[in-house]
file protein35.cif (mmCIF, C-alpha atoms)
data_coords
loop_
_atom_site.label_atom_id
_atom_site.label_comp_id
_atom_site.auth_asym_id
_atom_site.auth_seq_id
_atom_site.Cartn_x
_atom_site.Cartn_y
_atom_site.Cartn_z
CA MET A 1 10.41 -1.27 -0.41
CA LEU A 2 9.89 0.50 2.93
CA TRP A 3 9.10 3.88 1.35
CA LEU A 4 6.82 2.26 -1.24
CA ALA A 5 4.89 0.49 1.52
CA ILE A 6 4.57 3.70 3.54
CA PHE A 7 3.22 5.78 0.66
CA LEU A 8 0.89 3.04 -0.60
CA ALA A 9 -0.52 2.64 2.90
CA ALA A 10 -0.98 6.42 3.11
CA ALA A 11 -2.73 6.55 -0.28
CA ILE A 12 -5.10 3.70 0.60
CA SER A 13 -5.91 5.26 3.98
CA LEU A 14 -6.65 8.61 2.30
CA LEU A 15 -8.90 7.02 -0.33
CA ILE A 16 -10.85 4.98 2.23
CA LYS A 17 -11.52 8.07 4.36
CA ALA A 18 -12.42 10.15 1.30
CA ALA A 19 -14.76 7.57 -0.24
CA GLY A 20 -17.75 7.95 2.09
CA PRO A 21 -17.95 11.77 2.11
CA ALA A 22 -17.15 12.07 -1.63
CA LEU A 23 -19.67 9.43 -2.76
CA LEU A 24 -22.49 10.32 -0.41
CA GLY A 25 -22.16 14.12 -0.65
CA GLU A 26 -25.05 15.93 1.01
CA ARG A 27 -27.42 13.01 0.71
CA GLU A 28 -28.50 11.29 3.88
CA LEU A 29 -28.10 7.62 4.51
CA PRO A 30 -31.29 5.62 3.93
CA ALA A 31 -33.56 5.47 6.97
CA TRP A 32 -33.16 1.72 7.44
CA SER A 33 -29.40 2.11 7.92
CA ARG A 34 -29.43 4.94 10.47
CA GLY A 35 -30.11 2.62 13.41
CA VAL A 36 -26.97 0.68 12.50
CA ILE A 37 -24.87 3.84 12.17
CA ALA A 38 -26.13 5.06 15.56
CA LEU A 39 -24.84 1.88 17.20
CA LEU A 40 -21.55 1.75 15.28
CA ALA A 41 -19.76 3.94 17.85
CA PRO A 42 -20.52 1.85 20.99
CA ALA A 43 -19.83 -1.41 19.12
CA LEU A 44 -16.52 -0.18 17.69
CA LEU A 45 -15.41 1.49 20.95
CA ALA A 46 -16.10 -1.70 22.90
CA GLY A 47 -14.09 -3.57 20.27
CA LEU A 48 -11.20 -1.12 20.58
CA VAL A 49 -11.13 -1.49 24.37
CA VAL A 50 -11.12 -5.28 24.14
CA VAL A 51 -8.56 -5.49 21.31
CA ASP A 52 -6.19 -3.12 23.14
CA LEU A 53 -6.74 -4.97 26.42
CA PHE A 54 -6.37 -8.50 25.08
CA GLY A 55 -3.75 -7.90 22.37
CA PRO A 56 -2.93 -10.27 19.50
CA HIS A 57 -3.63 -13.89 20.49
CA TRP A 58 -4.62 -12.59 23.94
CA SER A 59 -0.93 -12.00 24.63
CA VAL A 60 -1.32 -8.69 26.48
CA LEU A 61 -4.23 -9.37 28.86
CA SER A 62 -3.33 -8.97 32.52
CA TRP A 63 -5.37 -8.55 35.70
CA GLN A 64 -3.41 -5.37 36.48
CA MET A 65 -4.74 -3.75 33.29
CA VAL A 66 -8.28 -4.92 34.11
CA GLY A 67 -7.82 -3.35 37.54
CA GLY A 68 -6.64 -0.12 35.92
CA LEU A 69 -9.74 0.00 33.71
CA ALA A 70 -11.95 -0.61 36.75
CA VAL A 71 -10.38 2.47 38.34
CA VAL A 72 -11.08 4.43 35.14
CA ILE A 73 -14.78 3.50 35.39
CA VAL A 74 -15.01 4.48 39.06
CA VAL A 75 -13.15 7.78 38.61
CA ARG A 76 -15.09 8.77 35.48
CA GLN A 77 -18.59 7.54 36.33
CA PHE A 78 -18.77 8.12 40.08
CA ALA A 79 -16.19 10.85 40.76
CA LYS A 80 -17.12 12.60 37.46
CA ALA A 81 -13.45 13.37 36.81
CA PRO A 82 -12.27 14.84 33.48
CA MET A 83 -11.21 12.41 30.77
CA LEU A 84 -7.45 12.89 31.18
CA VAL A 85 -7.63 12.54 34.99
CA ALA A 86 -9.57 9.29 34.68
CA VAL A 87 -7.03 7.88 32.23
CA LEU A 88 -4.04 8.94 34.35
CA ALA A 89 -5.68 7.39 37.43
CA GLY A 90 -6.09 4.13 35.52
CA MET A 91 -2.46 4.16 34.39
CA ALA A 92 -1.26 4.93 37.93
CA ALA A 93 -3.39 2.09 39.33
CA THR A 94 -1.99 -0.35 36.78
CA ALA A 95 1.57 0.73 37.57
CA LEU A 96 0.89 0.36 41.30
CA LEU A 97 -0.67 -3.09 40.92
CA ARG A 98 2.34 -4.20 38.89
CA LEU A 99 4.65 -2.82 41.56
CA VAL A 100 3.04 -4.77 44.40
CA SER A 101 2.40 -8.01 42.49
CA MET B 1 -21.47 12.77 26.37
CA ASN B 2 -24.58 13.23 28.45
CA ASP B 3 -27.76 14.83 27.13
CA ARG B 4 -27.03 18.16 28.79
CA LYS B 5 -23.73 18.44 26.93
CA ARG B 6 -25.41 17.44 23.71
CA ASN B 7 -28.00 20.16 24.05
CA ASP B 8 -25.28 22.69 24.90
CA ARG B 9 -23.60 21.83 21.63
CA THR B 10 -26.66 22.78 19.63
CA ILE B 11 -26.64 26.33 20.96
CA THR B 12 -22.91 27.09 20.98
CA SER B 13 -21.06 28.62 18.04
CA SER B 14 -18.94 26.75 15.52
CA ARG B 15 -15.86 28.27 17.14
CA ASP B 16 -16.87 27.02 20.60
CA ARG B 17 -17.53 23.54 19.27
CA PHE B 18 -14.16 23.55 17.48
CA PHE B 19 -12.37 24.41 20.73
CA GLU B 20 -14.45 21.82 22.57
CA GLY B 21 -13.01 19.39 20.02
CA VAL B 22 -9.51 20.68 20.72
CA ARG B 23 -10.11 20.16 24.46
CA ILE B 24 -11.31 16.59 24.00
CA GLY B 25 -8.61 15.98 21.41
CA THR B 26 -5.92 17.06 23.87
CA GLY B 27 -6.73 14.08 26.08
CA LEU B 28 -6.71 11.77 23.08
CA ALA B 29 -3.50 13.41 21.86
CA ALA B 30 -1.79 12.52 25.14
CA ALA B 31 -2.65 8.87 24.55
CA SER B 32 -1.61 9.16 20.89
CA PHE B 33 1.69 10.68 21.98
CA VAL B 34 2.44 7.74 24.28
CA LEU B 35 1.49 5.16 21.66
CA ALA B 36 3.48 7.00 18.99
CA ILE B 37 6.58 6.79 21.17
CA THR B 38 6.25 3.01 21.14
CA PHE B 39 5.76 3.07 17.33
CA GLY B 40 8.87 5.19 16.86
CA ALA B 41 10.91 2.98 19.17
CA LEU B 42 9.65 -0.23 17.53
CA THR B 43 10.36 0.85 13.96
CA ARG B 44 13.78 2.28 14.89
CA SER B 45 14.67 -1.12 16.33
CA GLN B 46 13.48 -2.73 13.07
CA GLY B 47 15.93 -0.68 11.05
CA TRP B 48 13.55 1.92 9.57
CA GLY B 49 16.06 4.66 10.35
CA VAL B 50 15.09 8.09 11.66
CA LEU B 51 13.10 9.69 8.85
CA ALA B 52 10.82 6.85 7.66
CA PRO B 53 8.88 6.35 10.95
CA ILE B 54 8.24 10.10 11.27
CA ILE B 55 7.11 10.47 7.63
CA CYS B 56 4.95 7.37 8.05
CA SER B 57 3.14 8.94 11.02
CA LEU B 58 2.78 12.19 9.09
CA VAL B 59 1.16 10.67 5.98
CA VAL B 60 -0.62 7.55 7.29
CA PHE B 61 -1.74 8.92 10.70
CA SER B 62 -3.30 5.68 11.88
CA GLY B 63 -1.83 3.81 14.82
CA SER B 64 -3.46 0.46 14.10
CA ALA B 65 -2.52 0.57 10.39
CA GLN B 66 1.04 1.66 11.12
CA PHE B 67 1.58 -1.08 13.70
CA ALA B 68 0.21 -3.60 11.21
CA LEU B 69 2.57 -2.23 8.54
CA ALA B 70 5.56 -2.48 10.89
CA THR B 71 4.58 -5.95 12.10
CA ALA B 72 4.11 -7.30 8.56
CA LEU B 73 7.32 -5.73 7.24
CA GLY B 74 9.22 -6.94 10.30
CA GLY B 75 7.92 -10.45 9.66
CA GLY B 76 9.51 -10.41 6.21
CA GLY B 77 6.27 -10.63 4.29
CA GLY B 78 7.18 -7.89 1.83
CA ALA B 79 5.43 -4.63 0.95
CA GLY B 80 2.30 -6.20 -0.61
CA PRO B 81 0.93 -8.05 2.44
CA ALA B 82 1.98 -5.18 4.69
CA VAL B 83 0.02 -2.63 2.66
CA ILE B 84 -2.99 -4.97 2.41
CA ALA B 85 -2.94 -5.50 6.19
CA ALA B 86 -2.86 -1.75 6.78
CA GLY B 87 -5.68 -1.24 4.28
CA LEU B 88 -7.85 -3.91 5.87
CA ILE B 89 -7.37 -2.38 9.28
CA ASN B 90 -8.37 1.03 7.97
CA GLY B 91 -11.39 -0.53 6.24
CA ARG B 92 -13.47 0.50 9.24
CA TYR B 93 -13.08 4.13 8.12
CA LEU B 94 -15.35 3.42 5.15
CA PRO B 95 -18.59 2.98 7.16
CA MET B 96 -17.38 5.65 9.60
CA GLY B 97 -16.87 8.06 6.66
CA LEU B 98 -20.30 7.20 5.27
CA ALA B 99 -21.83 7.92 8.66
CA VAL B 100 -20.18 11.32 9.02
CA ALA B 101 -20.66 12.38 5.37
CA PRO B 102 -24.01 14.21 5.74
CA SER B 103 -22.55 16.33 8.57
CA LEU B 104 -19.65 17.66 6.46
CA ARG B 105 -19.78 20.72 4.20
CA GLY B 106 -18.95 21.84 0.68
CA ASN B 107 -18.54 20.03 -2.61
CA ARG B 108 -17.39 16.44 -2.92
CA PHE B 109 -13.69 17.38 -2.96
CA ARG B 110 -13.97 19.46 0.20
CA ARG B 111 -15.98 16.73 1.91
CA ALA B 112 -13.31 14.21 0.95
CA ILE B 113 -10.69 16.47 2.55
CA GLU B 114 -12.80 17.01 5.68
CA GLY B 115 -13.33 13.24 5.81
CA GLN B 116 -9.62 12.88 6.59
CA ALA B 117 -10.47 14.13 10.10
CA VAL B 118 -12.13 10.77 10.81
CA VAL B 119 -10.03 8.93 13.38
CA ASP B 120 -11.43 6.61 16.04
CA GLY B 121 -11.41 8.90 19.07
CA SER B 122 -12.55 12.06 17.25
CA TRP B 123 -15.30 10.20 15.40
CA ALA B 124 -16.70 8.80 18.64
CA ALA B 125 -16.39 12.12 20.48
CA ALA B 126 -18.14 13.98 17.64
CA HIS B 127 -21.09 11.56 17.62
CA LEU B 128 -24.13 13.52 18.73
CA GLY B 129 -26.34 10.47 18.93
CA ASN B 130 -28.71 8.93 16.41
CA GLY B 131 -25.92 8.75 13.82
CA ARG B 132 -25.38 12.53 13.61
CA PHE B 133 -21.99 14.21 14.03
CA ASP B 134 -20.54 17.55 15.13
CA ARG B 135 -18.28 18.59 12.21
CA GLU B 136 -16.37 21.30 14.09
CA LEU B 137 -15.72 19.09 17.10
CA LEU B 138 -14.51 16.29 14.82
CA ILE B 139 -12.01 18.54 13.03
CA GLY B 140 -10.83 20.29 16.21
CA SER B 141 -10.26 17.00 17.98
CA THR B 142 -8.24 15.53 15.11
CA LEU B 143 -6.15 18.64 14.43
CA VAL B 144 -4.62 18.44 17.90
CA GLN B 145 -3.95 14.69 17.69
CA TRP B 146 -2.07 14.75 14.40
CA PRO B 147 0.98 16.76 15.57
CA ALA B 148 1.00 14.81 18.86
CA TRP B 149 1.17 11.58 16.89
CA VAL B 150 4.04 12.81 14.71
CA LEU B 151 5.90 14.37 17.65
CA GLY B 152 5.51 11.22 19.74
CA THR B 153 6.94 9.15 16.89
CA ALA B 154 9.95 11.48 16.70
CA VAL B 155 10.48 11.18 20.46
CA GLY B 156 10.23 7.41 20.18
CA VAL B 157 12.78 7.33 17.36
CA PHE B 158 15.30 9.44 19.25
CA VAL B 159 14.67 8.36 22.87
CA ALA B 160 13.42 4.81 22.27
CA PRO B 161 12.11 3.92 25.79
CA SER B 162 12.32 0.24 26.55
CA PRO B 163 9.20 -1.92 26.68
CA ALA B 164 10.01 -2.37 30.36
CA VAL B 165 9.53 1.37 31.00
CA VAL B 166 6.18 1.36 29.14
CA HIS B 167 5.08 -1.65 31.22
CA THR B 168 6.34 -0.38 34.58
CA TYR B 169 4.55 2.97 34.35
CA GLY B 170 1.31 1.55 32.96
CA LEU B 171 1.67 3.53 29.74
CA ASP B 172 0.22 0.61 27.79
CA LEU B 173 -3.15 1.32 29.43
CA ALA B 174 -3.42 4.73 27.75
CA PHE B 175 -5.42 3.69 24.69
CA PRO B 176 -7.86 1.17 26.19
CA ALA B 177 -8.50 3.66 29.01
CA PHE B 178 -9.30 6.50 26.59
CA PHE B 179 -11.54 4.32 24.47
CA LEU B 180 -13.30 3.13 27.64
CA VAL B 181 -14.01 6.74 28.70
CA LEU B 182 -15.41 7.51 25.23
CA LEU B 183 -17.57 4.37 25.46
CA LEU B 184 -18.90 5.36 28.90
CA ASP B 185 -19.81 8.79 27.50
CA GLU B 186 -21.42 7.25 24.42
CA LEU B 187 -23.65 4.62 26.06
CA PRO B 188 -26.38 6.83 27.57
CA SER B 189 -27.14 8.42 24.19
CA ALA B 190 -27.75 5.27 22.20
CA ARG B 191 -30.74 3.03 22.65
CA LYS B 192 -29.53 -0.58 22.63
CA GLY B 193 -26.02 0.85 23.19
CA TRP B 194 -25.15 -1.63 25.93
CA ALA B 195 -26.24 -4.57 23.79
CA ALA B 196 -24.26 -3.32 20.77
CA ALA B 197 -21.18 -2.76 22.94
CA GLY B 198 -21.53 -6.20 24.53
CA ILE B 199 -21.78 -7.95 21.18
CA GLY B 200 -18.92 -5.88 19.75
CA ALA B 201 -16.67 -6.67 22.72
CA THR B 202 -17.48 -10.38 22.64
CA VAL B 203 -16.89 -10.74 18.90
CA ALA B 204 -13.67 -8.71 19.07
CA ALA B 205 -12.36 -10.79 21.98
CA GLY B 206 -13.03 -14.00 20.08
CA LEU B 207 -11.55 -12.79 16.82
CA VAL B 208 -8.40 -11.18 18.24
CA ALA B 209 -7.43 -14.59 19.64
CA VAL B 210 -6.90 -15.89 16.11
CA LEU B 211 -6.94 -12.92 13.70
CA PRO B 212 -5.05 -9.60 13.35
CA ALA B 213 -6.36 -6.72 15.46
CA GLY B 214 -7.73 -4.81 12.46
CA LEU B 215 -9.97 -7.68 11.40
CA ALA B 216 -11.16 -8.12 14.97
CA LEU B 217 -12.16 -4.44 15.01
CA ILE B 218 -14.11 -4.81 11.78
CA GLY B 219 -15.79 -7.85 13.35
CA ALA B 220 -16.78 -5.78 16.39
CA THR B 221 -18.99 -3.62 14.19
CA VAL B 222 -21.50 -6.49 13.82
CA GLY B 223 -22.81 -5.34 17.21
CA SER B 224 -24.34 -2.34 15.44
CA LEU B 225 -26.51 -4.63 13.26
CA ILE B 226 -29.05 -4.93 16.07
CA GLY B 227 -30.06 -1.40 15.10
CA LEU B 228 -31.06 -2.50 11.59
CA GLY B 229 -34.44 -1.05 10.72
CA ASP B 230 -34.70 1.07 13.89
CA ARG B 231 -36.51 4.35 13.36
CA VAL B 232 -33.84 7.05 13.73
CA PRO B 233 -34.75 10.59 12.62
CA GLY B 234 -32.60 12.25 9.97
CA ARG B 235 -31.71 15.92 9.44
CA SER B 236 -34.66 16.41 7.12
CA ASP B 237 -37.10 15.07 9.68
CA PRO B 238 -39.21 18.00 11.00
CA ALA B 239 -39.27 16.43 14.45
CA ASP B 240 -35.50 16.56 14.54
CA ALA B 241 -35.13 20.33 14.67
CA PRO B 242 -32.03 21.88 16.30
CA GLY B 243 -32.21 22.14 20.06
CA ARG B 244 -34.50 19.16 20.42
CA THR B 245 -33.46 16.88 23.24
CA GLU B 246 -31.81 13.72 21.99
CA GLU B 247 -33.43 10.41 22.73
CA ALA B 248 -31.67 8.70 25.62
#
call {"tool": "encode", "arguments": {"input": "protein35.cif", "output": "C-alpha cells"}}
result
Amino acid sequence: MLWLAIFLAAAISLLIKAAGPALLGERELPAWSRGVIALLAPALLAGLVVVDLFGPHWSVLSWQMVGGLAVVIVVRQFAKAPMLVAVLAGMAATALLRLVS
Amino acid sequence: MNDRKRNDRTITSSRDRFFEGVRIGTGLAAASFVLAITFGALTRSQGWGVLAPIICSLVVFSGSAQFALATALGGGGGAGPAVIAAGLINGRYLPMGLAVAPSLRGNRFRRAIEGQAVVDGSWAAAHLGNGRFDRELLIGSTLVQWPAWVLGTAVGVFVAPSPAVVHTYGLDLAFPAFFLVLLLDELPSARKGWAAAGIGATVAAGLVAVLPAGLALIGATVGSLIGLGDRVPGRSDPADAPGRTEEA
C-alpha cells in the first residue's frame, strides 16, 4: 500500500504540472486573466508564509517565530542582506528568543 | 526582485540566467534540505523503512504533498485518501503551470517536461512581473533544489534529529523565512501586490485553522482575483518589447 500511494502521488503530481504547459503550448493566456496570474505569486507566497507560520489548526504559531520573521524583514529590507543571510538571521533570532524565554 | 534586477535579466544570456537560478535555488535548497530531514525522520518513525522515504522524495518532490501523504497514511486512512490529499495540495501547480506555459519552449511534450520545474520557490523567483517568467532561472533554481531535497530526506532517515533539536535551533523557521524573502522581493513588481498578499494571508490563516494546509494554500490564491480584468501586456504586445522597464 505504501509503494502504491507513493507512485500514485508521484504520477498525479507529474500530470498536474504537465497539464498547463502541454495544453496551453505557445498560446498566451487570455488578456482578462493576466492580471490574476500577475498577482498569483504574492497571494500564494503570503499564504505559504502564513500556513508555515500558523501550522495545522494554528498549532505551530509562536511569538518567537514571529520575532524571527521580523528579523528577516529588517535584515533583508533595511540591511539589504542576501537571501540566505536573512533566513539564517531569522532562524538564529528564533533560537535565541526560545533560549531566553 | 527589484526593477534593476529585472532589467538586468533581459540583457544577460540564457547561461547567466540559469546560474542566477542556481544561486537563488541554493538558498531555497538549504531550506529544502532542512525540511527534508524532518520528512525523512518523520516517515522513518512511521515505519516507512529506509528506501521508501528517499524514493518518495525522488519521484514526488513536493514537501507539502509528501507531508500530507505521510500524515494521511500515519492516520490509518489508507492509500486512497492519502493520494487524494497529496493531489489536492499539488492542485495549485495547475494554475502555476498555466501561468508559466507561454515562457517555456518546444513542443507540447518538451513543455510538459519543462513544466516539472515548477515548484513554489522557483516559480516565485522566476516571476518577472506581469505574469511573465524566466525559463532558465526557473529550471536552474529547481535543479539545485531537487538533489538537496532527496539528500536531506536520506540524512533524516539515517540521522533522524529529534523534534526538540529542530525547535531549539529554530530550523522550523527555514521555510516561512524563505517564502517571506521571496514575497518581499515580489511585492514591488506587482501593482495591487500588497492587497493580494493581504487577502491571501488572511484567507490562508482562516482556512488553516480548520482545513488541511494544502486547501488553505489553494484558498490563498483568491487574493489574486483582485487583478481580474486588469490590463497586463502580453509577449505579443508591441509595447512590451524586451528591455522595457517593468511597471512597478
call {"tool": "closest_atom_pairs", "arguments": {"input": "protein35.cif", "of": "chain A", "to": "chain B", "cutoff": "6 Å", "atoms": "only C-alpha atoms", "output": "Markdown table"}}
result
| residue | atom | partner | partner_atom | distance |
| --- | --- | --- | --- | --- |
| A:Ala5 | CA | B:Ala79 | CA | 5.2 |
| A:Ile6 | CA | B:Cys56 | CA | 5.8 |
| A:Ala9 | CA | B:Val83 | CA | 5.3 |
| A:Ala10 | CA | B:Val60 | CA | 4.3 |
| A:Ile16 | CA | B:Leu94 | CA | 5.6 |
| A:Lys17 | CA | B:Gln116 | CA | 5.6 |
| A:Ala18 | CA | B:Ala112 | CA | 4.2 |
| A:Gly20 | CA | B:Leu98 | CA | 4.1 |
| A:Pro21 | CA | B:Ala101 | CA | 4.3 |
| A:Ala22 | CA | B:Arg108 | CA | 4.6 |
| A:Gly25 | CA | B:Arg108 | CA | 5.8 |
| A:Glu26 | CA | B:Pro102 | CA | 5.1 |
| A:Glu28 | CA | B:Pro102 | CA | 5.7 |
| A:Trp32 | CA | B:Gly229 | CA | 4.5 |
| A:Arg34 | CA | B:Val232 | CA | 5.9 |
| A:Gly35 | CA | B:Gly227 | CA | 4.4 |
| A:Val36 | CA | B:Gly227 | CA | 4.5 |
| A:Ile37 | CA | B:Gly131 | CA | 5.3 |
| A:Ala38 | CA | B:Gly131 | CA | 4.1 |
| A:Leu39 | CA | B:Ser224 | CA | 4.6 |
| A:Leu40 | CA | B:Ser224 | CA | 5.0 |
| A:Ala41 | CA | B:Ala124 | CA | 5.8 |
| A:Pro42 | CA | B:Ala197 | CA | 5.0 |
| A:Ala43 | CA | B:Ala197 | CA | 4.3 |
| A:Leu44 | CA | B:Thr221 | CA | 5.5 |
| A:Leu45 | CA | B:Leu183 | CA | 5.8 |
| A:Ala46 | CA | B:Ala201 | CA | 5.0 |
| A:Gly47 | CA | B:Ala201 | CA | 4.7 |
| A:Val49 | CA | B:Pro176 | CA | 4.6 |
| A:Val50 | CA | B:Ala201 | CA | 5.9 |
| A:Asp52 | CA | B:Pro176 | CA | 5.5 |
| A:Pro56 | CA | B:Val208 | CA | 5.7 |
| A:His57 | CA | B:Ala209 | CA | 4.0 |
| A:Trp58 | CA | B:Ala209 | CA | 5.5 |
| A:Leu84 | CA | B:Gly27 | CA | 5.3 |
| A:Val87 | CA | B:Ala177 | CA | 5.5 |
| A:Met91 | CA | B:Gly170 | CA | 4.8 |
| A:Thr94 | CA | B:Gly170 | CA | 5.4 |
| A:Ala95 | CA | B:Gly170 | CA | 4.7 |
call {"tool": "resolve_selection", "arguments": {"input": "protein35.cif", "expression": "the PyMOL selection byres ((chain A and resi 75) around 12)", "output": "PyMOL selection string"}}
result
(chain A and resi 68-74+76-90+93) or (chain B and resi 177+180-181+184)
call {"tool": "resolve_selection", "arguments": {"input": "protein35.cif", "expression": "the PyMOL selection byres ((chain B and resi 18) around 6)", "output": "MDAnalysis selection string"}}
result
chainID B and resid 15:17 19:21 136:137 140
call {"tool": "resolve_selection", "arguments": {"input": "protein35.cif", "expression": "the PyMOL selection byres ((chain B and resi 144) around 7)", "output": "PyMOL selection string"}}
result
chain B and resi 22+25-26+29+140-143+145-148
call {"tool": "write_last_selection", "arguments": {"input": "protein35.cif", "atoms": "C-alpha atoms", "output": "CSV table (one decimal), in the frame of the given file"}}
result
chain,number,residue,atom,x,y,z
B,22,VAL,CA,-9.5,20.7,20.7
B,25,GLY,CA,-8.6,16.0,21.4
B,26,THR,CA,-5.9,17.1,23.9
B,29,ALA,CA,-3.5,13.4,21.9
B,140,GLY,CA,-10.8,20.3,16.2
B,141,SER,CA,-10.3,17.0,18.0
B,142,THR,CA,-8.2,15.5,15.1
B,143,LEU,CA,-6.2,18.6,14.4
B,145,GLN,CA,-4.0,14.7,17.7
B,146,TRP,CA,-2.1,14.8,14.4
B,147,PRO,CA,1.0,16.8,15.6
B,148,ALA,CA,1.0,14.8,18.9
call {"tool": "atom_distance", "arguments": {"input": "protein35.cif", "atom1": "CA of Pro161 (chain B)", "atom2": "CA of Ala41 (chain B)"}}
result
6.8 Å
call {"tool": "closest_residue", "arguments": {"input": "protein35.cif", "among": "B:Thr12, B:Ser122, B:Thr38, B:Thr71", "to": "Pro163 (chain B)", "atoms": "all atoms listed in the file"}}
result
B:Thr38
call {"tool": "atom_distance", "arguments": {"input": "protein35.cif", "atom1": "CA of Ile37 (chain B)", "atom2": "CA of Val155 (chain B)"}}
result
5.9 Å
call {"tool": "atom_distance", "arguments": {"input": "protein35.cif", "atom1": "CA of Ser33 (chain A)", "atom2": "CA of Ala19 (chain A)"}}
result
17.6 Å
call {"tool": "decode", "arguments": {"input": "protein35.cif", "residues": "region 32-49 of chain B", "atoms": "C-alpha atoms", "output": "short mmCIF file (atom, residue, chain, number, x, y, z; two decimals), in the first residue's frame"}}
result
data_model
loop_
_atom_site.label_atom_id
_atom_site.label_comp_id
_atom_site.auth_asym_id
_atom_site.auth_seq_id
_atom_site.Cartn_x
_atom_site.Cartn_y
_atom_site.Cartn_z
CA SER B 32 14.50 22.24 1.42
CA PHE B 33 17.37 20.26 2.92
CA VAL B 34 16.31 21.14 6.47
CA LEU B 35 12.64 20.36 5.80
CA ALA B 36 13.55 17.11 4.05
CA ILE B 37 15.45 15.99 7.14
CA THR B 38 12.25 16.33 9.14
CA PHE B 39 10.33 14.39 6.43
CA GLY B 40 12.89 11.59 6.49
CA ALA B 41 12.86 11.44 10.28
CA LEU B 42 9.05 11.52 10.44
CA THR B 43 8.49 8.75 7.91
CA ARG B 44 11.23 6.57 9.41
CA SER B 45 9.44 6.83 12.76
CA GLN B 46 6.19 5.83 11.00
CA GLY B 47 7.74 2.59 9.78
CA TRP B 48 8.36 3.52 6.12
CA GLY B 49 11.80 1.93 6.31
#
